[in-house]
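Structure below is entry-v2.txt: compact mmCIF, C-alpha atoms.
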# COMPACT_ATOMS: atom_id res chain seq x y z
CA MET A 10 22.14 43.03 6.79
CA SER A 11 21.79 39.46 8.04
CA GLU A 12 22.59 36.46 5.87
CA LEU A 13 18.90 35.53 5.65
CA ASP A 14 17.91 39.07 4.64
CA GLU A 15 20.54 39.04 1.92
CA PHE A 16 19.28 35.66 0.76
CA ARG A 17 15.71 36.97 0.69
CA ARG A 18 16.72 39.78 -1.64
CA GLU A 19 18.57 37.32 -3.86
CA VAL A 20 15.52 35.06 -4.11
CA GLU A 21 13.19 37.97 -4.79
CA ALA A 22 15.38 39.11 -7.68
CA TRP A 23 15.78 35.62 -9.11
CA PHE A 24 12.07 34.86 -9.32
CA ARG A 25 11.33 38.34 -10.66
CA ASP A 26 13.94 37.95 -13.41
CA ASN A 27 13.31 34.28 -14.23
CA ARG A 28 9.54 34.08 -14.17
CA PRO A 29 8.50 32.14 -17.29
CA PRO A 30 6.41 34.00 -19.89
CA GLU A 31 2.69 33.31 -19.93
CA PRO A 32 1.98 30.35 -22.24
CA ASP A 33 -0.66 30.45 -24.96
CA PHE A 34 -2.76 27.89 -23.04
CA LEU A 35 -4.54 27.91 -19.70
CA LEU A 36 -2.31 26.83 -16.83
CA PRO A 37 -3.84 24.58 -14.13
CA GLU A 38 -4.35 25.92 -10.61
CA SER A 39 -2.65 22.96 -8.95
CA PHE A 40 -1.06 19.57 -9.59
CA MET A 41 -4.56 18.08 -9.44
CA GLU A 42 -5.55 19.77 -12.73
CA VAL A 43 -2.54 18.98 -14.94
CA GLY A 44 -4.29 17.36 -17.89
CA SER A 45 -2.37 18.15 -21.08
CA ASP A 46 1.13 17.45 -22.32
CA ALA A 47 1.71 21.17 -22.89
CA GLN A 48 0.79 22.02 -19.28
CA PHE A 49 2.89 19.20 -17.90
CA GLU A 50 6.05 19.99 -19.89
CA PHE A 51 5.77 23.71 -19.10
CA LEU A 52 5.52 23.04 -15.36
CA ARG A 53 8.17 20.32 -15.30
CA ASP A 54 10.65 22.62 -17.09
CA TRP A 55 9.87 25.30 -14.50
CA GLN A 56 10.55 22.93 -11.59
CA ARG A 57 13.86 21.90 -13.15
CA LYS A 58 14.88 25.52 -13.51
CA ILE A 59 14.13 26.23 -9.85
CA TYR A 60 16.05 23.15 -8.75
CA ASP A 61 19.05 23.96 -10.96
CA ALA A 62 19.12 27.42 -9.35
CA GLY A 63 19.39 25.72 -5.94
CA TYR A 64 15.98 26.77 -4.64
CA LEU A 65 14.26 23.39 -4.22
CA GLY A 66 15.06 20.73 -1.64
CA MET A 67 17.33 23.20 0.12
CA ALA A 68 16.95 21.46 3.49
CA TRP A 69 17.26 17.91 2.12
CA PRO A 70 20.62 16.13 2.54
CA ARG A 71 23.26 17.16 0.05
CA GLU A 72 24.37 13.57 -0.56
CA TYR A 73 21.00 12.77 -2.17
CA GLY A 74 20.71 15.91 -4.29
CA GLY A 75 19.44 18.42 -1.74
CA GLY A 76 21.01 21.64 -0.56
CA GLY A 77 21.93 20.67 3.00
CA LYS A 78 20.90 24.09 4.32
CA PRO A 79 18.70 25.09 7.29
CA GLN A 80 14.95 24.99 6.69
CA ALA A 81 14.75 28.79 7.03
CA TYR A 82 16.24 29.17 3.55
CA GLN A 83 13.58 27.01 1.92
CA ASP A 84 10.87 28.83 3.88
CA ILE A 85 12.04 32.11 2.33
CA VAL A 86 11.89 30.62 -1.16
CA ASN A 87 8.40 29.20 -0.60
CA ALA A 88 7.11 32.54 0.70
CA GLU A 89 8.58 34.45 -2.22
CA MET A 90 7.10 32.06 -4.78
CA ALA A 91 3.68 32.54 -3.19
CA ARG A 92 4.10 36.32 -2.99
CA GLN A 93 5.10 36.67 -6.63
CA LYS A 94 2.50 34.10 -7.73
CA VAL A 95 4.91 32.31 -10.01
CA PRO A 96 3.77 28.97 -11.48
CA PHE A 97 3.64 26.06 -9.06
CA VAL A 98 5.94 23.03 -9.22
CA PRO A 99 4.11 19.91 -10.42
CA ASN A 100 5.80 17.07 -8.51
CA THR A 101 3.80 17.77 -5.36
CA ILE A 102 3.38 14.17 -4.25
CA GLY A 103 7.07 13.44 -4.69
CA LEU A 104 8.30 16.64 -3.05
CA ASN A 105 5.88 16.71 -0.16
CA TRP A 106 4.83 13.11 0.58
CA ALA A 107 6.91 10.39 -1.08
CA GLY A 108 10.25 12.17 -0.73
CA PRO A 109 9.95 12.97 2.98
CA LEU A 110 8.73 9.40 3.59
CA ILE A 111 11.73 7.88 1.78
CA LEU A 112 14.11 10.16 3.66
CA ALA A 113 12.44 9.23 6.96
CA MET A 114 12.37 5.46 6.62
CA GLY A 115 13.68 4.39 3.22
CA THR A 116 16.83 2.37 2.70
CA GLU A 117 20.07 4.04 1.67
CA GLU A 118 19.62 2.53 -1.77
CA ALA A 119 16.12 4.01 -2.06
CA LYS A 120 17.31 7.47 -1.06
CA LYS A 121 20.05 7.40 -3.70
CA ARG A 122 17.68 6.00 -6.31
CA TYR A 123 14.68 8.29 -5.87
CA ILE A 124 15.43 11.60 -4.15
CA LYS A 125 17.27 13.56 -6.85
CA GLY A 126 14.74 12.51 -9.50
CA ILE A 127 11.97 13.86 -7.27
CA LEU A 128 13.73 17.21 -6.92
CA ASN A 129 14.62 17.79 -10.56
CA ALA A 130 11.25 16.48 -11.84
CA ASP A 131 12.80 13.63 -13.82
CA ASP A 132 10.63 11.26 -11.77
CA ILE A 133 7.02 12.33 -11.18
CA TRP A 134 5.15 10.53 -8.38
CA CYS A 135 1.50 9.74 -7.80
CA GLN A 136 -0.43 8.19 -4.91
CA GLY A 137 -2.40 4.94 -4.88
CA PHE A 138 -4.52 5.05 -1.72
CA SER A 139 -8.21 5.63 -2.54
CA GLU A 140 -10.31 2.90 -4.16
CA PRO A 141 -13.65 3.20 -6.01
CA ASP A 142 -15.61 0.98 -3.60
CA GLN A 143 -13.99 1.96 -0.30
CA GLY A 144 -14.63 5.71 -0.09
CA SER A 145 -12.77 7.19 2.87
CA ASP A 146 -12.29 3.79 4.47
CA LEU A 147 -8.58 3.55 3.65
CA ALA A 148 -8.01 0.59 5.97
CA ASN A 149 -10.38 -1.45 3.82
CA SER A 150 -8.16 -1.22 0.72
CA GLN A 151 -8.67 -4.32 -1.39
CA LEU A 152 -6.12 -4.02 -4.22
CA ALA A 153 -4.33 -7.36 -3.97
CA ALA A 154 -0.56 -7.81 -3.91
CA ARG A 155 0.24 -11.54 -4.07
CA ARG A 156 3.81 -12.70 -3.52
CA ASP A 157 5.09 -14.90 -6.35
CA GLY A 158 8.77 -15.76 -5.99
CA ASN A 159 10.80 -12.57 -6.30
CA ASP A 160 7.78 -10.55 -7.44
CA TYR A 161 4.42 -9.26 -6.27
CA VAL A 162 1.44 -9.54 -8.61
CA LEU A 163 -1.02 -6.64 -8.36
CA ASN A 164 -4.74 -6.77 -9.18
CA GLY A 165 -7.40 -4.15 -8.52
CA SER A 166 -7.72 -0.41 -9.03
CA LYS A 167 -7.08 2.95 -7.38
CA ILE A 168 -8.92 6.20 -8.05
CA TRP A 169 -8.34 9.97 -7.91
CA THR A 170 -4.72 9.34 -8.93
CA SER A 171 -3.43 12.88 -9.44
CA LEU A 172 -0.82 13.05 -12.23
CA GLY A 173 -1.43 9.37 -12.89
CA SER A 174 -1.00 9.90 -16.63
CA TYR A 175 2.49 11.39 -16.17
CA ALA A 176 3.87 9.63 -13.09
CA LYS A 177 6.90 7.36 -13.19
CA TYR A 178 6.31 6.00 -9.67
CA MET A 179 3.39 5.46 -7.30
CA ILE A 180 3.24 5.12 -3.54
CA LEU A 181 0.80 2.24 -3.20
CA LEU A 182 -1.17 0.71 -0.32
CA ALA A 183 -2.15 -2.88 -1.12
CA ARG A 184 -3.48 -5.96 0.66
CA THR A 185 -0.88 -8.71 0.93
CA ASN A 186 -2.77 -10.94 3.37
CA PRO A 187 -6.59 -11.01 3.19
CA GLN A 188 -6.72 -13.50 6.10
CA LYS A 189 -5.35 -11.05 8.67
CA PRO A 190 -7.27 -8.20 10.35
CA ARG A 191 -7.64 -5.35 7.91
CA TYR A 192 -4.93 -3.13 9.44
CA ASP A 193 -2.41 -5.99 9.63
CA GLY A 194 -2.92 -7.30 6.10
CA LEU A 195 -1.75 -4.15 4.29
CA SER A 196 1.68 -3.43 2.82
CA PHE A 197 3.29 -0.39 1.22
CA PHE A 198 5.03 -0.32 -2.16
CA LEU A 199 7.02 2.07 -4.36
CA VAL A 200 5.68 1.02 -7.75
CA PRO A 201 7.09 1.79 -11.22
CA MET A 202 4.13 2.97 -13.29
CA GLN A 203 5.56 1.76 -16.61
CA THR A 204 4.97 -1.84 -15.51
CA PRO A 205 2.91 -3.95 -17.96
CA GLY A 206 -0.61 -4.37 -16.58
CA ILE A 207 -0.79 -0.87 -15.00
CA GLU A 208 -3.18 1.41 -16.92
CA PRO A 209 -4.13 4.96 -15.80
CA ARG A 210 -7.39 6.18 -17.38
CA PRO A 211 -8.03 9.95 -17.20
CA ILE A 212 -11.13 11.25 -15.39
CA LYS A 213 -12.83 14.43 -16.61
CA LYS A 214 -13.62 16.84 -13.77
CA LEU A 215 -16.60 19.13 -13.31
CA THR A 216 -14.46 22.00 -14.63
CA GLY A 217 -13.87 20.16 -17.90
CA GLU A 218 -10.23 19.65 -16.95
CA TYR A 219 -8.34 16.42 -16.38
CA GLY A 220 -5.60 15.58 -13.90
CA PHE A 221 -7.08 12.63 -11.99
CA THR A 222 -7.07 9.08 -13.28
CA GLN A 223 -8.46 5.75 -12.24
CA THR A 224 -5.50 3.36 -12.30
CA PHE A 225 -6.14 -0.30 -13.13
CA PHE A 226 -3.80 -3.14 -12.15
CA THR A 227 -4.21 -6.39 -14.10
CA ASP A 228 -1.66 -9.07 -13.20
CA ALA A 229 0.94 -6.30 -12.93
CA ARG A 230 4.20 -7.87 -11.77
CA ILE A 231 6.62 -5.73 -9.72
CA PRO A 232 9.91 -6.73 -8.04
CA ALA A 233 9.69 -7.67 -4.35
CA GLU A 234 12.24 -4.93 -3.63
CA CYS A 235 9.44 -2.42 -4.28
CA LEU A 236 8.08 -3.31 -0.83
CA MET A 237 8.75 -0.55 1.71
CA GLY A 238 9.36 -1.78 5.22
CA LYS A 239 7.98 -5.25 5.88
CA GLU A 240 4.79 -7.04 4.89
CA GLY A 241 1.95 -6.00 7.16
CA GLU A 242 3.45 -2.55 7.94
CA GLY A 243 1.46 -0.79 5.23
CA TRP A 244 -1.01 0.92 7.54
CA LYS A 245 1.72 2.36 9.74
CA ILE A 246 3.63 3.68 6.72
CA ALA A 247 0.46 5.08 5.13
CA MET A 248 -0.36 6.97 8.32
CA LEU A 249 3.13 8.46 8.35
CA THR A 250 2.66 9.47 4.71
CA LEU A 251 -0.58 11.22 5.58
CA THR A 252 1.13 13.27 8.28
CA PHE A 253 3.35 14.69 5.52
CA GLU A 254 0.38 15.18 3.19
CA ARG A 255 -1.67 16.99 5.83
CA GLY A 256 1.23 19.13 7.01
CA VAL A 257 1.34 17.57 10.48
CA THR A 258 4.97 16.50 9.99
CA GLY A 259 7.61 18.72 8.35
CA GLY A 260 10.41 17.76 5.99
CA GLN A 261 8.85 18.67 2.62
CA ALA A 262 11.17 19.78 -0.18
CA GLY A 263 9.52 23.13 -0.78
CA GLY A 264 7.96 24.95 -3.70
CA ILE A 265 4.28 25.78 -4.00
CA SER A 266 1.65 23.34 -5.23
CA ARG A 267 -1.16 25.77 -6.11
CA VAL A 268 -1.54 29.18 -7.74
CA ALA A 269 -5.10 30.39 -7.39
CA PRO A 270 -7.04 33.54 -6.41
CA GLY A 271 -6.49 34.51 -2.79
CA LEU A 272 -7.87 36.89 -0.20
CA ASN A 273 -6.26 40.02 -1.66
CA ASP A 274 -7.74 39.13 -5.06
CA VAL A 275 -11.18 38.83 -3.46
CA VAL A 276 -10.80 42.30 -1.91
CA GLU A 277 -10.02 43.71 -5.36
CA LEU A 278 -13.02 41.87 -6.80
CA ALA A 279 -15.24 43.44 -4.13
CA ARG A 280 -13.84 46.85 -5.05
CA ARG A 281 -14.78 46.28 -8.71
CA SER A 282 -18.17 44.65 -8.06
CA ARG A 283 -21.29 46.77 -7.63
CA ARG A 284 -24.01 46.85 -4.98
CA ASP A 285 -26.86 49.35 -5.49
CA GLY A 286 -24.71 51.41 -7.83
CA ALA A 287 -21.71 51.60 -5.49
CA PRO A 288 -18.62 49.41 -5.03
CA ALA A 289 -19.52 46.24 -3.11
CA LEU A 290 -16.61 46.96 -0.78
CA GLN A 291 -18.59 49.89 0.64
CA ASP A 292 -21.43 47.61 1.75
CA PRO A 293 -21.12 47.08 5.54
CA ALA A 294 -22.23 43.44 5.28
CA ILE A 295 -19.64 42.73 2.59
CA ARG A 296 -16.93 44.48 4.59
CA ASP A 297 -17.86 42.46 7.67
CA GLN A 298 -17.50 39.18 5.77
CA ILE A 299 -14.16 40.21 4.29
CA VAL A 300 -12.83 41.18 7.72
CA ARG A 301 -13.88 37.78 9.03
CA PHE A 302 -11.92 36.10 6.23
CA MET A 303 -8.94 38.32 7.02
CA ILE A 304 -9.05 37.37 10.70
CA GLU A 305 -9.29 33.69 9.82
CA ASP A 306 -6.44 33.96 7.30
CA GLN A 307 -4.17 35.73 9.77
CA GLY A 308 -5.13 33.24 12.46
CA ASP A 309 -3.98 30.37 10.26
CA ARG A 310 -0.67 32.13 9.62
CA LEU A 311 -0.11 32.73 13.32
CA CYS A 312 -1.07 29.14 14.12
CA ALA A 313 1.84 27.96 12.01
CA LYS A 314 4.19 30.13 14.06
CA ARG A 315 2.56 29.07 17.32
CA GLY A 316 3.07 25.43 16.42
CA GLU A 317 6.83 26.00 16.51
CA ILE A 318 6.71 27.11 20.17
CA ALA A 319 6.12 24.15 22.47
CA ALA A 320 5.10 26.28 25.47
CA LEU A 321 2.16 27.70 23.50
CA CYS A 322 0.91 24.22 22.52
CA SER A 323 1.28 22.39 25.81
CA GLU A 324 -2.44 22.01 26.50
CA ARG A 325 -3.18 20.33 23.14
CA PRO A 326 0.18 19.79 21.43
CA ASN A 327 -1.26 18.13 18.31
CA ALA A 328 -4.17 20.50 17.73
CA ILE A 329 -2.52 22.77 15.16
CA GLY A 330 -0.96 20.03 13.09
CA LEU A 331 -4.06 17.85 13.04
CA SER A 332 -6.43 20.71 12.19
CA VAL A 333 -4.44 22.63 9.56
CA LYS A 334 -5.66 20.64 6.55
CA LEU A 335 -9.31 21.02 7.62
CA ARG A 336 -8.98 24.73 8.38
CA VAL A 337 -7.13 25.71 5.22
CA SER A 338 -9.16 23.67 2.71
CA GLU A 339 -12.52 24.76 4.12
CA HIS A 340 -11.36 28.39 4.33
CA ARG A 341 -10.52 28.33 0.62
CA ARG A 342 -13.81 26.73 -0.37
CA ARG A 343 -15.83 29.35 1.55
CA LEU A 344 -13.68 32.19 0.20
CA MET A 345 -14.29 31.11 -3.41
CA GLN A 346 -18.00 30.77 -2.70
CA PHE A 347 -18.03 34.31 -1.31
CA ALA A 348 -16.24 35.57 -4.43
CA LEU A 349 -19.02 34.11 -6.58
CA SER A 350 -21.66 35.79 -4.43
CA LEU A 351 -20.12 39.16 -5.31
CA GLN A 352 -20.81 38.58 -9.01
CA GLY A 353 -24.58 38.33 -8.92
CA ALA A 354 -26.01 36.74 -12.07
CA ASN A 355 -22.54 36.67 -13.62
CA ALA A 356 -21.66 33.89 -11.17
CA VAL A 357 -23.19 31.37 -13.60
CA ARG A 358 -20.59 32.15 -16.30
CA PHE A 359 -17.53 29.95 -16.73
CA VAL A 360 -14.17 29.79 -18.47
CA GLY A 361 -14.69 30.32 -22.19
CA ASP A 362 -17.61 32.73 -21.78
CA SER A 363 -16.52 36.12 -23.08
CA SER A 364 -18.74 37.82 -20.49
CA ALA A 365 -17.31 35.92 -17.51
CA ILE A 366 -15.62 38.14 -14.93
CA ASP A 367 -11.83 37.70 -15.02
CA GLY A 368 -12.18 34.96 -17.60
CA GLY A 369 -14.16 32.74 -15.25
CA LYS A 370 -11.24 32.10 -12.88
CA TRP A 371 -13.49 32.46 -9.83
CA GLN A 372 -15.90 29.75 -10.96
CA ARG A 373 -12.99 27.51 -11.85
CA GLY A 374 -11.39 28.22 -8.47
CA TYR A 375 -14.61 27.40 -6.63
CA PHE A 376 -15.02 24.00 -8.29
CA ASN A 377 -11.33 23.18 -7.87
CA ALA A 378 -11.47 24.10 -4.18
CA PHE A 379 -13.50 20.95 -3.52
CA SER A 380 -10.50 18.80 -4.50
CA SER A 381 -8.66 19.91 -1.37
CA THR A 382 -11.66 19.13 0.84
CA ILE A 383 -11.58 15.53 -0.43
CA GLY A 384 -7.92 14.66 -1.12
CA GLY A 385 -5.84 13.64 1.89
CA GLY A 386 -9.01 12.76 3.80
CA THR A 387 -12.37 14.47 3.45
CA SER A 388 -13.33 17.37 5.69
CA GLN A 389 -15.64 15.03 7.57
CA ILE A 390 -12.76 12.63 8.24
CA GLN A 391 -10.55 15.54 9.31
CA ALA A 392 -13.23 16.78 11.71
CA ASN A 393 -13.42 13.29 13.23
CA ILE A 394 -9.64 13.26 13.67
CA VAL A 395 -9.71 16.59 15.50
CA GLY A 396 -12.66 15.51 17.62
CA GLU A 397 -11.15 12.18 18.64
CA ARG A 398 -7.41 12.90 18.83
CA VAL A 399 -7.45 16.52 19.97
CA LEU A 400 -10.67 16.93 21.93
CA GLY A 401 -10.88 13.34 23.17
CA LEU A 402 -14.46 12.84 22.01
CA PRO A 403 -15.80 9.27 21.73
CA LYS A 404 -16.04 7.67 18.29
CA ASP A 405 -19.80 7.30 18.62

Produce structure tokens that represent the structure in this file.
Amino acid sequence: MSELDEFRREVEAWFRDNRPPEPDFLLPESFMEVGSDAQFEFLRDWQRKIYDAGYLGMAWPREYGGGGKPQAYQDIVNAEMARQKVPFVPNTIGLNWAGPLILAMGTEEAKKRYIKGILNADDIWCQGFSEPDQGSDLANSQLAARRDGNDYVLNGSKIWTSLGSYAKYMILLARTNPQKPRYDGLSFFLVPMQTPGIEPRPIKKLTGEYGFTQTFFTDARIPAECLMGKEGEGWKIAMLTLTFERGVTGGQAGGISRVAPGLNDVVELARRSRRDGAPALQDPAIRDQIVRFMIEDQGDRLCAKRGEIAALCSERPNAIGLSVKLRVSEHRRRLMQFALSLQGANAVRFVGDSSAIDGGKWQRGYFNAFSSTIGGGTSQIQANIVGERVLGLPKD
């Protein structure tokens, strides 16, 4: 037995034996729905347990709190967590975006200060990119960061701040020079959220859950050392951050960020649902749609493997990386919509309705699926990126 096979068996046993008991409250599907103290503490304790066992940040440098092992070990852990459908780890932005960014271009001091706290969930991170009046026009960010001696003074607001109520730090894009062209006037900061003048206000979602906030900055004063890189480099750093967020660039710490119904669950739902007195799975039209989802799902899996082989990507080397976020988020939205179509009139029932199928998890999953089609760049923005950067289509 190879070393990796032996490790796989070890990981399988650990997650089977250490899976936390089901709590007496509804767990969120992803980090974007964490809205109560009970949910947050449950998930943070779970992340700490995984890290203490050595199964998180396995490929990050040992000197900063990581495991210093090859990425293959973390890949095995991630796959096993998904297979066993254990709870997700909540510090998604820290583990997958902020952490890789700090490791890629942060100072030695920043790496020592932030990385271990990201891994063990002591320090939860959030993201301050989107603004209420700017939509998807990230380059038009208007939150002001004015230099005043050894500080920057922040004024403005950010929106859709996932985990904003629980975060200790924020990665923030702010405008330091309104006189320069919009790309050149932006700077990037690592902001302590407990600063006076920073106020996250929770936003209630369509599902009735919380998780997002709008974060207000009113004369919030942060040390100048919070600046990452140099003034005016904010756009470049934000674009690098988005390559981590969208999965274009590797280096994430691991863990899973969502536990929600998947394709196999939909197949079981079709087996239980009825069409003309028979299982819906026997309907040729239903079977055809499921097979199409299966082909698409397997295609996405194989794309990830293909992306690791340069010879198979030579014609359009960036196509897989730049399209993965669009493909995966839209696949999930359509899959959840299909699951609702199997339920007939019961599709109108929601969580809390005693007659809802499977407790209403399909309706909840459908509404939550839209978060992924917006966060990290809307599907329309992603389609433009593929069209312009992969296919070479003109902007107009």

Enumerate, in order of chain and increasing residue number, the residues of stretch 17-97 of chain A with an atom no farther than 12 Å from stretch 118-127 of chain A, each with its shortest atom pair and distance in Å to one decimal, counting only C-alpha atoms, as CSV.
residue,atom,partner,partner_atom,distance
A:Arg53,CA,A:Ile127,CA,11.0
A:Gln56,CA,A:Ile127,CA,10.1
A:Arg57,CA,A:Gly126,CA,10.1
A:Tyr60,CA,A:Lys125,CA,9.9
A:Asp61,CA,A:Lys125,CA,11.3
A:Leu65,CA,A:Ile127,CA,10.3
A:Gly66,CA,A:Lys125,CA,9.1
A:Met67,CA,A:Lys125,CA,11.9
A:Trp69,CA,A:Ile124,CA,9.1
A:Pro70,CA,A:Ile124,CA,9.6
A:Arg71,CA,A:Lys125,CA,9.8
A:Glu72,CA,A:Lys121,CA,8.2
A:Tyr73,CA,A:Lys121,CA,5.7
A:Gly74,CA,A:Lys125,CA,4.9
A:Gly75,CA,A:Lys125,CA,7.4
A:Gly76,CA,A:Lys125,CA,10.9

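We find atom CA of A:Glu89 and atom CA of A:Leu128 to be spaced 18.6 Å apart.
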
Excluding same-chain residues fewer than 3 positions from stretch 164-172 of chain A, what lies within 10 Å of it counting all atoms listed in the file, as an MDAnalysis selection string? chainID A and resid 40:44 49 99:102 133:144 150:155 161 175:177 179 181:184 206:212 219:230 380 383:384

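Between atom CA of A:Gln188 and atom CA of A:Met237 the interatomic distance comes to 20.6 Å.
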
Quote the spacing between atom CA of A:Leu52 and atom CA of A:Asp26 in Å to one decimal place.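 Atom CA of A:Asp26 lies at a distance of 17.2 Å from atom CA of A:Leu52.
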
Which residue of A:Glu254, A:Asp132, A:Glu12, A:Glu218 approaches A:Trp106 most closely, using only C-alpha atoms: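 Selected residue with least distance to A:Trp106: A:Glu254.
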